[in-house]
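K.L.:
Just dropping this structure here.
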Amino acid sequence: MKLLQKILLAHDFSKSSEQVVATAITLAKVFQAKIIPIHVLPDDDINEKVRLLLHETATQKLEQTADRIKKEGIEVGEPLLKYGSPYESIINAAQNERVNLILIGPGETIEKENFQLGTTAQRIIQGSDQPVFVVKEGDFKVERILCPVDFSSNSKRALKNAITISRRFEAELVIMNVLELPGVKWLTSQKGSEEEQDRRQKQQKEKFNQF
């Protein structure tokens, strides 16, 4: 089974979301995946003419996105135009379409920091059973991958995926594990504490190598 068979592309037609489309195309080419574009309109109590105009415009833009993807030689699913809550609609569509990945932009944020998530992006990440890839601005390049592991079954799956992705993109893979040292140091002497840390580090290193 391929790692990526279907990608749900959440497109809000903003300038920043153009990078999301470009990233979807890159991933689809590498994994021979299918892209399903989706856009969500607000389900507000608005004038019927305005609603019709929004529907027609969104449908046209979705079709343009689908055409752009097709020109790249990528299979495109039927574009989805939904009404209501963006995060609920996207999560439901991902489940119904049985996609392997949801691709979204970071959304609008109030404070300008290096990388923040808007409310919709946060809710999709928290509520989705499928993996969510938040695309930042800038060219999409996979040159080095960081894969944190904690020796769990989920970590094994994450590592397998990281290996597959690193192979496909010929990227360097860095595997990381964090050792949590005891927080209460006053219960032991400094020497005892250091010995305990050394013992834990040795055990953790052995587990890490076996993993």
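We name chains A, B, ... following the order of the structure tokens; residues begin at 1 in each chain, and ligands are numbered from 1 as shown.
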Skipping near chain neighbours, those fewer than 6 positions away, what residues fall within 8 Å of Ile91 in chain A using only C-alpha atoms, listed as a PyMOL selection string?

P.N.:
chain A and resi 124+127-128

K.L.:
As a PyMOL selection string, list the residues of range 7-183 of chain A assigned to strand (DSSP E or B) by DSSP on the backbone atoms of this structure.

P.N.:
chain A and resi 7-10+34-41+76+80-83+101-104+132-134+144-148+172-176

K.L.:
Can you tell me which residues surround range 139-155 of chain A at a distance of at most 8 Å, considering only C-alpha atoms, apart from same-chain residues fewer than 5 positions away, and format the answer as a PyMOL selection string?

P.N.:
chain A and resi 19+23+162+166+169-178+207-208+211

K.L.:
I'd like the contact shell of Asn100 in chain A - 7 Å cut-off, only C-alpha atoms, skipping same-chain residues fewer than 6 positions apart - returned as number ranges by chain.

P.N.:
A: 4-7, 130-131

K.L.:
Quick one: of A:Val134, A:Asn92, A:Thr57, A:Ile125, who's nearest to Ser17 in chain A, counting only C-alpha atoms?

P.N.:
A:Val134

K.L.:
So how far away is CA of His55 in chain A from CA of Val76 in chain A, in Å?

P.N.:
20.4 Å
